[in-house]
Amino acid sequence: MILRSVELESFGRFKNQTVEFRRGMNLVIGPNEAGKSTLAEAVPAVLFGTAHLEKYKTWGRNACSASLFFEGKGRTIQVRRNLMTDEVELVEKDDMYHVLSQFSGKAPLRGRSASCREYRELVAALLGVGDDQLFRATYFFGHHPQEWSGDELAQNLRTLVSGTAEADYAAILDDLLEEHFNLTSENPWGRDKKQAREYEKICLQLEDASETGKIPVFVELDDEDVHAQIDALSTELVK
């Protein structure tokens, strides 16, 4: 999925202006205060909202809105945000213009409502990242960068990979390993554990019980002659 255009209806110094991008690298050139950074800042502002609304409100007008257009793999995504109200319209369509998914509602930057969660989950599913801070720390460079240490960035990336904000995938893996070794001493990734676990203990109990006749032992017979003899005996018994 690539960004094809930014439509700046009323954003900073821009009004009713559309900037289109080609595939590959795009270079934006202009003198100081020409709006290069404002154009770049429009991307996270539309996707997630902004804490710097006054900076992007059009001078003399109580308005601030913009749209993003993405394209890729036979699909298009349009995201439009009114930054004055944080009303967002997101529509995903296929190459036949059929609507695949959509969202309409309020989604402020730090919102915690169900609609905010729904919107961020949809953005994450469609674009790969649904968090403003992670977006700024990985995909985006601007005047308000997200400053994280290497460990903080690594942890947030692991959280992104795991698909949950509750724990990163390394912590989930540790929990799964602990659960695995609570059940069995077998270690597919290295040396087996020395002490028997729940699975081995049950196997030993079953083995001891079968030897003493405390539990029935079932043997599956798959021999045609044996089955024929059983059928013959059954017939004799019926007679």
# chains A, B, ... in the order shown; residues from 1 in each chain; ligands from 1
>>> select_by_dssp(residues="segment 26-125 of chain A", states="alpha helix (DSSP H)", output="list in words")
Lys36, Ser37, Thr38, Leu39, Ala40, Glu41, Ala42, Val43, Pro44, Ala45, Val46, Leu47, Phe48, Leu53, Glu54, Lys55, Tyr56, Ala114, Ser115, Cys116, Arg117, Glu118, Tyr119, Arg120, Glu121, Leu122, Val123, Ala124 and Ala125 of chain A
>>> atom_distance(atom1="atom CA of Gln102 of chain A", atom2="atom CA of Ala51 of chain A")
24.8 Å
>>> closest_residue(among="A:Glu198, A:Glu54, A:Asp95, A:Asp174", to="Gly72 of chain A", atoms="only C-alpha atoms")
A:Asp95
>>> closest_residue(among="A:Val46, A:Leu8, A:Ala125, A:Val28", to="Thr58 of chain A", atoms="only C-alpha atoms")
A:Leu8
